[in-house]
Structures are given as C-alpha cells and as structure tokens.
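Participant: See input26.csv below, with CSV, C-alpha atoms.
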```csv
chain,number,residue,atom,x,y,z
A,1,MET,CA,19.3,59.0,3.6
A,2,SER,CA,16.1,57.8,5.1
A,3,ASN,CA,12.9,58.3,3.2
A,4,GLN,CA,9.6,56.9,4.2
A,5,TRP,CA,6.1,57.4,2.8
A,6,TYR,CA,2.7,56.2,3.8
A,7,ASP,CA,0.8,54.2,1.2
A,8,VAL,CA,-2.9,54.6,1.9
A,9,ASP,CA,-3.8,51.8,-0.4
A,10,THR,CA,-1.9,49.2,1.6
A,11,LEU,CA,-2.0,51.1,4.9
A,12,GLN,CA,1.7,50.5,5.2
A,13,TRP,CA,4.7,52.7,5.8
A,14,VAL,CA,7.1,52.1,3.0
A,15,ASP,CA,10.8,52.7,3.6
A,16,THR,CA,13.9,52.0,1.7
A,17,PRO,CA,16.9,51.1,3.8
A,18,THR,CA,20.3,51.7,2.2
A,19,TYR,CA,21.0,48.2,1.4
A,20,GLU,CA,17.8,47.9,-0.7
A,21,TRP,CA,18.8,50.8,-3.0
A,22,GLY,CA,20.5,49.1,-5.9
A,23,PHE,CA,22.9,50.2,-8.6
A,24,SER,CA,25.4,53.0,-7.8
A,25,LEU,CA,23.0,55.3,-5.9
A,26,ASP,CA,24.8,57.3,-3.2
A,27,ILE,CA,21.8,57.4,-0.9
A,28,SER,CA,23.5,60.0,1.4
A,29,LYS,CA,23.0,62.6,-1.2
A,30,LEU,CA,19.3,62.5,-1.9
A,31,ASN,CA,17.7,65.9,-2.9
A,32,GLN,CA,14.0,65.1,-3.2
A,33,ILE,CA,11.4,62.4,-3.6
A,34,PHE,CA,8.1,62.3,-5.3
A,35,THR,CA,5.6,59.4,-5.1
A,36,ASP,CA,2.8,58.1,-7.2
A,37,ASN,CA,0.8,54.9,-6.7
A,38,ASN,CA,3.5,52.7,-8.4
A,39,PHE,CA,6.9,54.3,-7.8
A,40,VAL,CA,9.0,56.6,-5.7
A,41,TYR,CA,11.1,58.9,-7.8
A,42,ALA,CA,14.3,60.0,-6.1
A,43,ALA,CA,16.3,62.9,-7.4
A,44,THR,CA,19.8,62.5,-6.2
A,45,VAL,CA,23.2,64.1,-6.9
A,46,SER,CA,23.9,61.0,-9.0
A,47,GLY,CA,20.8,60.8,-11.1
A,48,LEU,CA,17.3,59.4,-10.9
A,49,ASP,CA,16.4,56.4,-8.9
A,50,ILE,CA,13.0,54.8,-9.4
A,51,VAL,CA,11.9,52.5,-6.5
A,52,SER,CA,9.0,50.1,-6.8
A,53,ILE,CA,6.4,50.6,-4.1
A,54,GLU,CA,5.3,47.0,-4.4
A,55,THR,CA,8.7,45.5,-3.9
A,56,GLU,CA,10.4,48.4,-2.0
A,57,LEU,CA,13.4,47.7,-4.3
A,58,SER,CA,15.2,50.0,-6.7
A,59,TYR,CA,13.6,49.4,-10.1
A,60,SER,CA,15.7,51.7,-12.3
A,61,PHE,CA,18.7,54.0,-11.9
A,62,THR,CA,19.6,56.6,-14.5
A,63,PRO,CA,22.8,58.5,-13.9
A,64,TYR,CA,23.0,62.2,-14.9
A,65,GLY,CA,26.1,64.5,-14.7
A,66,ASP,CA,25.6,66.6,-11.5
A,67,GLY,CA,22.4,64.8,-10.7
A,68,TYR,CA,18.9,66.1,-10.4
A,69,SER,CA,18.0,68.8,-7.9
A,70,THR,CA,14.2,68.2,-7.8
A,71,VAL,CA,11.5,65.9,-9.1
A,72,TRP,CA,7.7,66.1,-9.7
A,73,ALA,CA,5.5,63.8,-11.7
A,74,SER,CA,2.1,64.1,-13.4
A,75,ASP,CA,0.0,61.2,-14.5
A,76,ASP,CA,2.1,60.8,-17.7
A,77,ASN,CA,5.5,62.4,-17.2
A,78,VAL,CA,8.3,62.8,-14.7
A,79,TYR,CA,9.9,66.3,-14.6
A,80,LEU,CA,13.4,66.6,-13.4
A,81,GLY,CA,15.2,69.8,-12.4
A,82,THR,CA,19.0,70.2,-12.9
A,83,ALA,CA,21.7,72.5,-11.6
A,84,SER,CA,22.8,73.7,-15.1
A,85,GLY,CA,20.6,72.1,-17.7
A,86,GLY,CA,17.1,73.4,-17.0
A,87,ILE,CA,14.2,70.9,-16.8
A,88,LYS,CA,14.3,67.4,-18.3
A,89,ARG,CA,11.3,65.1,-18.9
A,90,LEU,CA,10.7,61.4,-18.8
A,91,THR,CA,7.5,60.0,-20.2
A,92,LYS,CA,6.2,57.4,-17.8
A,93,GLU,CA,5.4,54.9,-20.5
A,94,HIS,CA,9.1,54.5,-21.0
A,95,ILE,CA,9.8,53.5,-17.4
A,96,SER,CA,11.4,50.1,-17.3
A,97,SER,CA,14.3,48.5,-15.4
A,98,GLY,CA,17.7,49.7,-16.2
A,99,ASP,CA,19.2,53.0,-17.5
A,100,LEU,CA,16.6,55.3,-18.9
A,101,SER,CA,19.0,58.0,-20.3
A,102,SER,CA,17.8,57.6,-23.8
A,103,TYR,CA,14.2,58.4,-22.8
A,104,ILE,CA,15.0,61.5,-20.6
A,105,GLU,CA,14.7,64.5,-23.0
A,106,ASP,CA,15.3,68.2,-22.7
A,107,TYR,CA,12.1,69.9,-21.8
A,108,VAL,CA,12.7,73.6,-21.2
A,109,SER,CA,15.8,75.7,-20.5
A,110,VAL,CA,17.2,79.2,-21.0
A,111,PRO,CA,16.0,81.5,-22.6
A,112,ASP,CA,12.6,80.1,-21.9
A,113,LEU,CA,13.5,79.6,-18.2
A,114,THR,CA,14.7,82.3,-15.8
A,115,SER,CA,17.8,80.2,-15.2
A,116,ASN,CA,19.1,76.7,-16.0
A,117,ASN,CA,19.8,76.3,-12.2
A,118,VAL,CA,16.5,74.7,-11.2
A,119,ARG,CA,15.9,74.4,-7.5
A,120,TYR,CA,12.3,73.1,-7.1
A,121,ILE,CA,9.4,72.0,-9.3
A,122,HIS,CA,5.8,71.5,-8.4
A,123,GLY,CA,2.8,71.0,-10.6
A,124,ASN,CA,-0.9,70.3,-11.1
A,125,ASP,CA,-3.0,68.9,-13.9
A,126,THR,CA,-1.9,71.5,-16.5
A,127,LYS,CA,0.9,73.6,-15.1
A,128,LEU,CA,4.3,73.5,-13.5
A,129,ILE,CA,5.8,76.1,-11.2
A,130,CYS,CA,9.5,76.1,-11.1
A,131,CYS,CA,11.9,78.1,-9.0
A,132,THR,CA,15.4,78.8,-10.2
A,133,ASN,CA,18.3,80.7,-8.7
A,134,TYR,CA,17.0,83.8,-10.6
A,135,GLY,CA,13.2,83.7,-10.5
A,136,VAL,CA,10.0,81.8,-10.9
A,137,ASP,CA,8.6,80.2,-14.1
A,138,ILE,CA,5.0,79.0,-14.7
A,139,ILE,CA,4.9,76.5,-17.5
A,140,ARG,CA,1.7,75.5,-19.3
A,141,ARG,CA,2.3,71.8,-19.9
A,142,ASP,CA,-0.3,71.6,-22.7
A,143,ASN,CA,1.2,74.4,-24.9
A,144,SER,CA,4.6,75.3,-23.3
A,145,TYR,CA,3.6,78.9,-22.9
A,146,ILE,CA,5.8,80.2,-20.0
A,147,THR,CA,5.5,83.3,-17.8
A,148,HIS,CA,8.1,84.5,-15.4
A,149,THR,CA,9.2,86.8,-12.6
A,150,TYR,CA,12.9,87.6,-12.4
A,151,GLY,CA,15.6,88.6,-10.0
A,152,ILE,CA,14.5,86.9,-6.8
A,153,ASN,CA,16.0,84.2,-4.7
A,154,VAL,CA,13.3,81.6,-4.4
A,155,THR,CA,13.8,78.2,-2.7
A,156,LYS,CA,10.3,76.5,-2.7
A,157,CYS,CA,7.1,76.8,-4.7
A,158,PHE,CA,3.7,75.2,-4.8
A,159,VAL,CA,0.7,75.4,-7.1
A,160,THR,CA,-2.8,74.4,-6.1
A,161,PRO,CA,-5.2,72.4,-8.4
A,162,LYS,CA,-7.0,75.6,-9.4
A,163,HIS,CA,-3.8,77.6,-10.1
A,164,ASP,CA,-3.0,79.6,-7.0
A,165,TYR,CA,0.8,79.9,-6.9
A,166,TYR,CA,2.9,80.2,-3.8
A,167,TYR,CA,6.6,80.7,-3.6
A,168,TYR,CA,9.1,81.4,-0.8
A,169,ILE,CA,11.6,84.2,-1.4
A,170,SER,CA,14.6,83.8,0.9
A,171,TYR,CA,17.0,86.5,1.8
A,172,ASP,CA,19.6,86.7,4.5
A,173,GLY,CA,18.0,89.8,5.9
A,174,ASP,CA,14.4,90.2,7.2
A,175,GLU,CA,12.6,90.6,3.9
A,176,SER,CA,12.0,86.9,3.2
A,177,SER,CA,8.4,86.2,2.4
A,178,ILE,CA,5.8,83.8,1.2
A,179,ASN,CA,4.2,85.2,-1.9
A,180,ARG,CA,0.8,84.2,-3.5
A,181,LEU,CA,-0.1,84.8,-7.1
A,182,ASN,CA,-3.8,84.4,-7.9
A,183,GLN,CA,-4.0,82.8,-11.4
A,184,ASN,CA,-1.5,84.0,-14.0
A,185,ILE,CA,-1.6,84.9,-17.6
A,186,SER,CA,1.6,86.9,-18.2
A,187,ASP,CA,4.9,87.9,-16.7
A,188,TRP,CA,4.6,89.5,-13.3
A,189,THR,CA,6.5,91.6,-10.9
A,190,ASP,CA,4.2,92.0,-7.9
A,191,PRO,CA,2.4,89.0,-6.4
A,192,ASP,CA,-1.2,89.4,-5.1
A,193,VAL,CA,-0.3,88.7,-1.5
A,194,VAL,CA,3.0,89.0,0.4
A,195,TYR,CA,3.4,87.5,3.8
A,196,THR,CA,6.7,88.8,5.2
A,197,ILE,CA,8.8,86.9,7.7
A,198,GLY,CA,8.4,88.5,11.1
A,199,HIS,CA,5.1,90.0,10.3
A,200,THR,CA,1.5,89.0,9.8
A,201,PHE,CA,1.0,85.3,10.5
A,202,LEU,CA,4.8,84.8,10.2
A,203,SER,CA,5.6,86.8,13.3
A,204,ASP,CA,8.4,85.2,15.2
A,205,ILE,CA,9.3,83.0,12.2
A,206,THR,CA,12.8,83.4,10.9
A,207,ASP,CA,13.1,80.7,8.3
A,208,ILE,CA,10.9,78.3,6.2
A,209,ASN,CA,12.0,75.0,4.8
A,210,ASP,CA,8.9,73.7,3.1
A,211,ILE,CA,5.5,74.7,2.0
A,212,CYS,CA,2.3,72.8,1.2
A,213,VAL,CA,-1.1,74.4,0.4
A,214,THR,CA,-4.6,72.9,0.4
A,215,GLU,CA,-7.2,74.6,-1.7
A,216,HIS,CA,-10.6,75.9,-0.6
A,217,THR,CA,-10.1,74.4,2.8
A,218,SER,CA,-10.5,77.5,4.8
A,219,LEU,CA,-13.0,77.7,7.5
A,220,VAL,CA,-14.2,81.0,5.9
A,221,GLY,CA,-15.0,81.3,2.2
A,222,ASP,CA,-13.1,79.6,-0.6
A,223,ASN,CA,-9.7,80.5,0.8
A,224,ASN,CA,-6.7,78.1,1.2
A,225,THR,CA,-4.8,76.7,4.1
A,226,ILE,CA,-1.0,77.1,4.2
A,227,PHE,CA,1.2,74.5,5.8
A,228,LEU,CA,4.8,75.5,6.6
A,229,ALA,CA,7.8,73.7,8.0
A,230,THR,CA,9.5,76.6,9.9
A,231,ASP,CA,12.2,77.1,12.4
A,232,LEU,CA,9.6,77.2,15.2
A,233,GLY,CA,7.6,74.1,14.1
A,234,ALA,CA,4.9,73.2,11.7
A,235,LEU,CA,2.8,76.3,11.2
A,236,ILE,CA,-0.7,76.1,9.7
A,237,TYR,CA,-2.4,79.2,8.6
A,238,ASP,CA,-6.0,79.6,7.4
A,239,GLU,CA,-6.1,82.4,4.9
A,240,GLY,CA,-9.8,83.0,5.4
A,241,SER,CA,-10.3,82.9,9.1
A,242,LEU,CA,-6.7,84.1,9.8
A,243,ASN,CA,-6.4,81.4,12.5
A,244,ARG,CA,-2.9,80.0,13.1
A,245,LEU,CA,-1.8,76.8,14.6
A,246,LEU,CA,1.8,75.9,15.5
A,247,ILE,CA,2.7,72.3,16.2
A,248,ALA,CA,6.0,71.8,18.0
A,249,ASN,CA,7.9,69.4,20.1
A,250,LYS,CA,6.8,68.5,23.6
A,251,LEU,CA,8.2,70.8,26.2
B,1,MET,CA,-14.6,82.4,16.2
B,2,VAL,CA,-13.5,78.9,15.2
B,3,ASN,CA,-13.8,76.2,17.9
B,4,LEU,CA,-10.7,74.1,17.4
B,5,ASN,CA,-11.7,72.0,20.4
B,6,PHE,CA,-8.4,70.3,20.9
B,7,GLU,CA,-9.2,69.6,24.5
B,8,VAL,CA,-11.3,66.5,23.6
B,9,SER,CA,-8.0,64.8,22.7
B,10,GLY,CA,-6.5,65.2,26.1
B,11,TYR,CA,-4.0,67.7,24.8
B,12,ILE,CA,-4.6,71.1,26.2
B,13,PRO,CA,-3.5,73.8,23.9
B,14,SER,CA,-1.7,76.7,25.3
B,15,TYR,CA,-1.7,80.3,24.1
B,16,ASN,CA,1.8,81.7,23.4
B,17,LEU,CA,1.6,85.2,24.7
B,18,ASN,CA,4.8,86.1,22.8
B,19,PHE,CA,2.8,86.2,19.6
B,20,GLY,CA,1.0,89.3,18.5
B,21,THR,CA,-2.3,87.7,17.8
B,22,SER,CA,-4.2,84.6,19.0
B,23,TYR,CA,-2.1,81.5,18.2
B,24,ILE,CA,-2.9,78.0,19.1
B,25,LEU,CA,0.3,76.1,20.2
B,26,LEU,CA,0.4,72.3,20.4
B,27,ASN,CA,3.5,70.9,21.9
B,28,ILE,CA,2.8,67.3,21.0
B,29,LEU,CA,5.6,66.1,18.8
B,30,ASN,CA,8.2,63.5,20.0
B,31,GLY,CA,11.9,63.6,19.2
B,32,THR,CA,14.4,66.3,20.1
B,33,SER,CA,15.3,67.7,16.7
B,34,GLU,CA,13.7,71.1,16.0
B,35,ASN,CA,14.9,71.2,12.5
B,36,PHE,CA,11.5,71.1,10.8
B,37,ILE,CA,12.5,70.1,7.3
B,38,SER,CA,9.5,69.0,5.4
B,39,ILE,CA,5.7,69.0,5.6
B,40,HIS,CA,2.8,67.4,3.7
B,41,ALA,CA,-0.9,67.7,4.2
B,42,ASP,CA,-3.9,65.7,3.1
B,43,VAL,CA,-5.5,67.4,0.1
B,44,ASN,CA,-8.6,68.2,2.2
B,45,ALA,CA,-6.6,69.2,5.3
B,46,SER,CA,-7.6,72.4,7.0
B,47,ILE,CA,-6.6,73.9,10.3
B,48,ASN,CA,-8.9,71.4,12.0
B,49,THR,CA,-9.5,68.7,9.5
B,50,ALA,CA,-7.6,65.6,8.2
B,51,LYS,CA,-3.9,64.9,8.7
B,52,VAL,CA,-0.6,66.6,8.4
B,53,TYR,CA,2.8,64.8,8.1
B,54,ILE,CA,5.8,66.5,9.6
B,55,THR,CA,9.5,65.6,9.5
B,56,THR,CA,12.4,66.9,11.5
B,57,SER,CA,16.0,66.2,10.6
B,58,GLY,CA,19.2,65.5,12.4
B,59,GLU,CA,19.8,64.0,15.8
B,60,GLY,CA,16.5,63.2,17.5
B,61,ALA,CA,14.6,63.4,14.1
B,62,ALA,CA,11.0,62.2,13.8
B,63,LEU,CA,8.3,61.6,11.3
B,64,SER,CA,5.1,62.6,12.9
B,65,ILE,CA,1.4,62.3,11.8
B,66,VAL,CA,-1.0,64.7,13.4
B,67,ASP,CA,-4.8,64.4,13.3
B,68,LEU,CA,-5.9,68.0,13.0
B,69,SER,CA,-9.5,67.2,13.7
B,70,ARG,CA,-8.6,66.2,17.2
B,71,GLY,CA,-5.3,68.0,17.6
B,72,VAL,CA,-3.4,64.8,18.5
B,73,LEU,CA,-0.3,63.0,17.5
B,74,THR,CA,-1.6,59.8,16.0
B,75,ASP,CA,1.6,58.2,14.9
B,76,ASN,CA,5.3,58.8,14.9
B,77,TYR,CA,8.6,57.2,13.9
B,78,LEU,CA,12.0,57.8,15.4
B,79,ILE,CA,15.3,55.9,14.9
B,80,ASP,CA,14.8,54.2,18.3
B,81,TYR,CA,11.0,54.1,18.3
B,82,GLU,CA,8.7,52.0,16.1
B,83,GLY,CA,5.5,53.7,15.1
B,84,GLY,CA,2.1,52.1,14.4
B,85,PHE,CA,3.4,50.0,11.5
B,86,LYS,CA,6.3,48.5,13.5
B,87,GLU,CA,8.8,50.5,11.6
B,88,SER,CA,11.5,52.8,12.8
B,89,LEU,CA,13.6,55.4,11.0
B,90,ASP,CA,16.7,53.9,9.4
B,91,ARG,CA,18.5,57.2,9.6
B,92,GLU,CA,17.9,60.6,11.0
B,93,ASP,CA,19.1,62.9,8.2
B,94,ILE,CA,15.6,63.2,6.6
B,95,VAL,CA,15.3,65.6,3.7
B,96,ASP,CA,11.8,65.1,2.4
B,97,VAL,CA,8.4,63.5,2.9
B,98,ASN,CA,5.8,62.6,0.3
B,99,ILE,CA,2.5,60.8,0.7
B,100,SER,CA,1.0,58.4,-1.8
B,101,ILE,CA,-2.8,58.5,-1.8
B,102,SER,CA,-4.8,56.6,-4.4
B,103,GLY,CA,-6.6,59.1,-6.7
B,104,ASP,CA,-4.7,62.1,-5.2
```
In structure tokens, how does this file's structure come out?
Facilitator:
Amino acid sequence: MSNQWYDVDTLQWVDTPTYEWGFSLDISKLNQIFTDNNFVYAATVSGLDIVSIETELSYSFTPYGDGYSTVWASDDNVYLGTASGGIKRLTKEHISSGDLSSYIEDYVSVPDLTSNNVRYIHGNDTKLICCTNYGVDIIRRDNSYITHTYGINVTKCFVTPKHDYYYYISYDGDESSINRLNQNISDWTDPDVVYTIGHTFLSDITDINDICVTEHTSLVGDNNTIFLATDLGALIYDEGSLNRLLIANKL
Amino acid sequence: MVNLNFEVSGYIPSYNLNFGTSYILLNILNGTSENFISIHADVNASINTAKVYITTSGEGAALSIVDLSRGVLTDNYLIDYEGGFKESLDREDIVDVNISISGD
C-alpha cells in the first residue's frame, strides 16, 4: 500500500516503499495512517507500525490480533481502534524500537462505548470522537466522561478544535447524511444540522469516503468549511456563504 | 457574492447546470481514477484559501495538491509521473493521506 505525506518542515514528500517497511508488516492491508512531526503511525490488519519520518524506515512494529482499524494521536498519546476490543492507548513516551505490546493498554470499551467494533477515531486537544458499528461516542480525554448516540451506521467522523462534531451516517438507501453536532454535554439523538445525500449542498452526491473540516474559515461569520472526498470529486462547502466548489479530474 | 476569481490562474471554471444551485466546478486533476478516497486540508483552508490534498485510488490514482486561493493544481503524483519533489507513487491502491505540519 502506498502512503505519502508532505513534511512542511523539510519541504519533502515522504513515502515508504514496501521494501522499507520492516518486520512482518503486510503493507497491502493498511487501514489508516496518522502523522506527527516525528513518526507516521500505521494501523494495519497486523498491528501498529511506527515509521520514523527522519529515516523513512520502520521504527517499531507491534502485532495485535486482528490488527487496528484506525489510529489518531494527540501530543502525548496514540489511540488505536480495534474490531472487537474497543480503543487502546499507547503513551508516546514509551515509543521505542521493537514490540510495544506491553505499553499498549485498554483505554475504553463496552459498556462505555457504543460498540467494541471501532471504525474511526479523530480528536482535538481534549476530546476524541469515535464511530463504531453501532453509534458515535465523544470521549473527554481529561476525565473519561463519555456521551453517545446509538443505532446508526457511521463510517467517518471529525471534531474541530473548538468542539464541533461531524459524522457521516451511511445507509444503502438515500438517507445517508453528514451530521453536525454543535458542542456536546450529554447523550444525543438529533444532531444540530443534517445534510442529506442528494439534497442541499450534497445534491448529485451518492457516497462520501472522507471528511475534513476547518474551523471558523467561512467567508461569512464564524462558520466552518467542510471538505469531502465524494463519488463526484473533492467537494468543498462553506457553511456560512453556502458556496460550493467541486474539484474533479480533467475532462 | 464571493469572488473566487479562479480565472487568474488560467483555469476557467465552468458552471455545472445539472446542479440545483450555483456550483463552481474545477476539472483540473490529473489521473484517470475517479475513486476519491481521502482528503486533507490545511487548518486555515477555506473555499478560496490555502491548500487541499486529494487522493484517488485504483488504476490511474493520483495524489493532488490544489491551491485554493488560485484554483490551480500546484503539484501531483502518479505512478508514472513524478511531482515537484521528484517522487512518484509506488502503488496506486491508496487508502489515506495525512499531512504533517509543524505546530499543527
């Protein structure tokens, strides 16, 4: 699997050809990467591979059962989602070469999570948002207080620095939607905003693969800008001005 | 009305009349894959500011960097094309993109 990232410090593209990934990593089964200034954290079906940005070589590989489905890192911790064991945590100060199994600890799981089948994690300075195969969980990393919404099929989620939460509910029918929750203090059923596929700014869109949101970047007011990887192309939506931009392949 | 002013870049946006409301369409990406799999934006990116990073996956995949302030493709990487840093994709089955920015 090819992964490349742009290191703004060195102004270099960093890639990791297969032969450079050491240990027993099956690079064809990568699930997600996350990058900080020192390492790339690769969640794979085999475990966690940590690659040094400086050397572009695998620095540490830690196997784990069915592997890790998703990864996100704060300044001090790496959070790893699993298919059946909830969320695990690795404190960064323990990162060293070799197997880090003894340092990867259980972080949160059922009944505190909507499900132990974790699909995606994203976070900011104080919170994590997590989608499972049965809902969405918002975790306060400072006190472990967790709120939830249940019974929805969510595939991707995103939290902005000031705690606006976005998540994509995917259904086979035409009711898939991007949902926005403004702040959060308790369990919720209805989000503050629902953008349904085929309507509003998602007209003509039938599927969404990825979401990224920038905060207070709207051309109007303190609203956000939503960036989506869709079946039509890269769709950018300004929630304040309501302007839309679609970037697609050359005709 | 926001002036996106993409024409200064040499790329002339077209308006897709199939959409219900005004909709700027930029057909500027290289590669043949239309499986848009992952996206990342600079933290200060808006509809007309900073950069967005777009990947497609499968045959004809590309990693594309678009300067939104000018509406232009500033760099791109394919399996058979080296981008600005003299690198090409090793494989085309891309699953994710993540950007490292100091202090981000």
Participant: Near region 59-65 of chain A, counting only C-alpha atoms, which residues have an atom at most 10 Å away, once you skip same-chain residues fewer than 4 positions from it, shown as a ChimeraX atom specification?
Facilitator: /A:21-25,39-42,44-53,55,82-85,95-102,104
Participant: Would you list the contacts of Val193 (chain A) as a PyMOL selection string, taking every protein, DNA or RNA residue within 9 Å and counting all atoms listed in the file, but skipping same-chain residues closer than 2 positions in sequence?
Facilitator: chain A and resi 178-182+190-191+195
Participant: Give me, please, the distance in Å between CA of Asn30 (chain B) and CA of Asp80 (chain B), quoted to one decimal.
Facilitator: 11.5 Å
Participant: Residues of chain B within 7 Å of chain A, counting all atoms listed in the file, what are they? List them as a PDB file with C-alpha atoms, in the coordinates of the input.
Facilitator:
```pdb
ATOM      1  CA  PHE B  19       2.800  86.200  19.600  1.00  0.00           C
ATOM      2  CA  TYR B  23      -2.100  81.500  18.200  1.00  0.00           C
ATOM      3  CA  ILE B  24      -2.900  78.000  19.100  1.00  0.00           C
ATOM      4  CA  LEU B  25       0.300  76.100  20.200  1.00  0.00           C
ATOM      5  CA  LEU B  26       0.400  72.300  20.400  1.00  0.00           C
ATOM      6  CA  ASN B  27       3.500  70.900  21.900  1.00  0.00           C
ATOM      7  CA  ILE B  28       2.800  67.300  21.000  1.00  0.00           C
ATOM      8  CA  LEU B  29       5.600  66.100  18.800  1.00  0.00           C
ATOM      9  CA  ASN B  30       8.200  63.500  20.000  1.00  0.00           C
ATOM     10  CA  ASN B  35      14.900  71.200  12.500  1.00  0.00           C
ATOM     11  CA  PHE B  36      11.500  71.100  10.800  1.00  0.00           C
ATOM     12  CA  ILE B  37      12.500  70.100   7.300  1.00  0.00           C
ATOM     13  CA  SER B  38       9.500  69.000   5.400  1.00  0.00           C
ATOM     14  CA  ILE B  39       5.700  69.000   5.600  1.00  0.00           C
ATOM     15  CA  HIS B  40       2.800  67.400   3.700  1.00  0.00           C
ATOM     16  CA  ALA B  41      -0.900  67.700   4.200  1.00  0.00           C
ATOM     17  CA  VAL B  43      -5.500  67.400   0.100  1.00  0.00           C
ATOM     18  CA  ASN B  44      -8.600  68.200   2.200  1.00  0.00           C
ATOM     19  CA  ALA B  45      -6.600  69.200   5.300  1.00  0.00           C
ATOM     20  CA  SER B  46      -7.600  72.400   7.000  1.00  0.00           C
ATOM     21  CA  ILE B  47      -6.600  73.900  10.300  1.00  0.00           C
ATOM     22  CA  PHE B  85       3.400  50.000  11.500  1.00  0.00           C
ATOM     23  CA  LEU B  89      13.600  55.400  11.000  1.00  0.00           C
ATOM     24  CA  ASP B  90      16.700  53.900   9.400  1.00  0.00           C
ATOM     25  CA  ARG B  91      18.500  57.200   9.600  1.00  0.00           C
ATOM     26  CA  GLU B  92      17.900  60.600  11.000  1.00  0.00           C
ATOM     27  CA  ASP B  93      19.100  62.900   8.200  1.00  0.00           C
ATOM     28  CA  ILE B  94      15.600  63.200   6.600  1.00  0.00           C
ATOM     29  CA  ASP B  96      11.800  65.100   2.400  1.00  0.00           C
ATOM     30  CA  VAL B  97       8.400  63.500   2.900  1.00  0.00           C
ATOM     31  CA  ASN B  98       5.800  62.600   0.300  1.00  0.00           C
ATOM     32  CA  ILE B  99       2.500  60.800   0.700  1.00  0.00           C
ATOM     33  CA  SER B 100       1.000  58.400  -1.800  1.00  0.00           C
ATOM     34  CA  ILE B 101      -2.800  58.500  -1.800  1.00  0.00           C
ATOM     35  CA  SER B 102      -4.800  56.600  -4.400  1.00  0.00           C
TER      36      SER B 102
END
```
Participant: Using all atoms listed in the file, which of the listed residues (A:Cys131, A:His94, A:Val78, A:Gly123) sits closest to Tyr107 (chain A)?
Facilitator: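 Under the stated criterion, the closest residue is A:Val78.
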Participant: Would you kindly return, as a tab-separated table (two decimals) with C-alpha atoms, in the coordinates of the input, each protein, DNA or RNA residue with an atom no farther than 9 Å from any atom of Leu113 (chain A), considering all atoms listed in the file and excluding same-chain residues fewer than 4 positions away?
Facilitator:
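Below is the file that was written, out-v8.tsv:
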```
chain	number	residue	atom	x	y	z
A	86	GLY	CA	17.10	73.40	-17.00
A	87	ILE	CA	14.20	70.90	-16.80
A	108	VAL	CA	12.70	73.60	-21.20
A	109	SER	CA	15.80	75.70	-20.50
A	130	CYS	CA	9.50	76.10	-11.10
A	132	THR	CA	15.40	78.80	-10.20
A	135	GLY	CA	13.20	83.70	-10.50
A	136	VAL	CA	10.00	81.80	-10.90
A	137	ASP	CA	8.60	80.20	-14.10
A	146	ILE	CA	5.80	80.20	-20.00
A	147	THR	CA	5.50	83.30	-17.80
A	148	HIS	CA	8.10	84.50	-15.40
```
Participant: A:Asp222, A:Thr149, A:Asn133, A:Ser69: which is nearest Thr189 (chain A), counting only C-alpha atoms?
Facilitator: A:Thr149
Participant: One number please: CA of Tyr167 (chain A) to CA of Lys51 (chain B), in Å, one decimal.
Facilitator: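 Going from CA of Tyr167 (chain A) over to CA of Lys51 (chain B) covers 22.6 Å.
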Participant: Go through A:His163, A:Arg119, A:Lys156, A:Lys92 one by one, measure the shortest atom-to-atom distance of each to Ile138 (chain A) using all atoms listed in the file, and give the residue with the smallest value.
Facilitator: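 Distance minimum relative to Ile138 (chain A) lands on A:His163.
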Participant: For the atom pair CA of Asp106 (chain A) and CA of Glu56 (chain A), what is the interatomic distance in Å to one decimal place?
Facilitator: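 Computing it gives 29.1 Å between the two atoms.
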Participant: Kindly reconstruct region 25-37 of chain B with N, CA and C atoms and present the result as an mmCIF file, keeping the file's coordinate frame.
Facilitator:
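Contents of rebuild12.cif, as written:
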```cif
data_model
loop_
_atom_site.group_PDB
_atom_site.id
_atom_site.type_symbol
_atom_site.label_atom_id
_atom_site.label_comp_id
_atom_site.auth_asym_id
_atom_site.auth_seq_id
_atom_site.Cartn_x
_atom_site.Cartn_y
_atom_site.Cartn_z
ATOM 1 N N LEU B 25 -1.031 76.818 20.117
ATOM 2 C CA LEU B 25 0.300 76.100 20.200
ATOM 3 C C LEU B 25 0.047 74.727 20.707
ATOM 4 N N LEU B 26 0.450 73.733 19.917
ATOM 5 C CA LEU B 26 0.400 72.300 20.400
ATOM 6 C C LEU B 26 1.764 71.777 20.502
ATOM 7 N N ASN B 27 2.201 71.548 21.694
ATOM 8 C CA ASN B 27 3.500 70.900 21.900
ATOM 9 C C ASN B 27 3.274 69.416 22.109
ATOM 10 N N ILE B 28 3.175 68.735 20.979
ATOM 11 C CA ILE B 28 2.800 67.300 21.000
ATOM 12 C C ILE B 28 3.728 66.393 20.316
ATOM 13 N N LEU B 29 4.753 66.927 19.650
ATOM 14 C CA LEU B 29 5.600 66.100 18.800
ATOM 15 C C LEU B 29 6.740 65.463 19.683
ATOM 16 N N ASN B 30 7.071 64.209 19.341
ATOM 17 C CA ASN B 30 8.200 63.500 20.000
ATOM 18 C C ASN B 30 9.478 63.825 19.226
ATOM 19 N N GLY B 31 10.599 63.380 19.799
ATOM 20 C CA GLY B 31 11.900 63.600 19.200
ATOM 21 C C GLY B 31 12.464 64.936 19.725
ATOM 22 N N THR B 32 13.771 65.081 19.577
ATOM 23 C CA THR B 32 14.400 66.300 20.100
ATOM 24 C C THR B 32 14.857 67.257 19.012
ATOM 25 N N SER B 33 14.882 66.802 17.769
ATOM 26 C CA SER B 33 15.300 67.700 16.700
ATOM 27 C C SER B 33 14.199 68.788 16.485
ATOM 28 N N GLU B 34 14.643 70.016 16.359
ATOM 29 C CA GLU B 34 13.700 71.100 16.000
ATOM 30 C C GLU B 34 13.990 71.677 14.650
ATOM 31 N N ASN B 35 14.685 70.865 13.853
ATOM 32 C CA ASN B 35 14.900 71.200 12.500
ATOM 33 C C ASN B 35 13.786 70.727 11.610
ATOM 34 N N PHE B 36 12.718 71.490 11.544
ATOM 35 C CA PHE B 36 11.500 71.100 10.800
ATOM 36 C C PHE B 36 11.824 71.238 9.308
ATOM 37 N N ILE B 37 11.955 70.119 8.635
ATOM 38 C CA ILE B 37 12.500 70.100 7.300
ATOM 39 C C ILE B 37 11.488 69.964 6.192
#
```
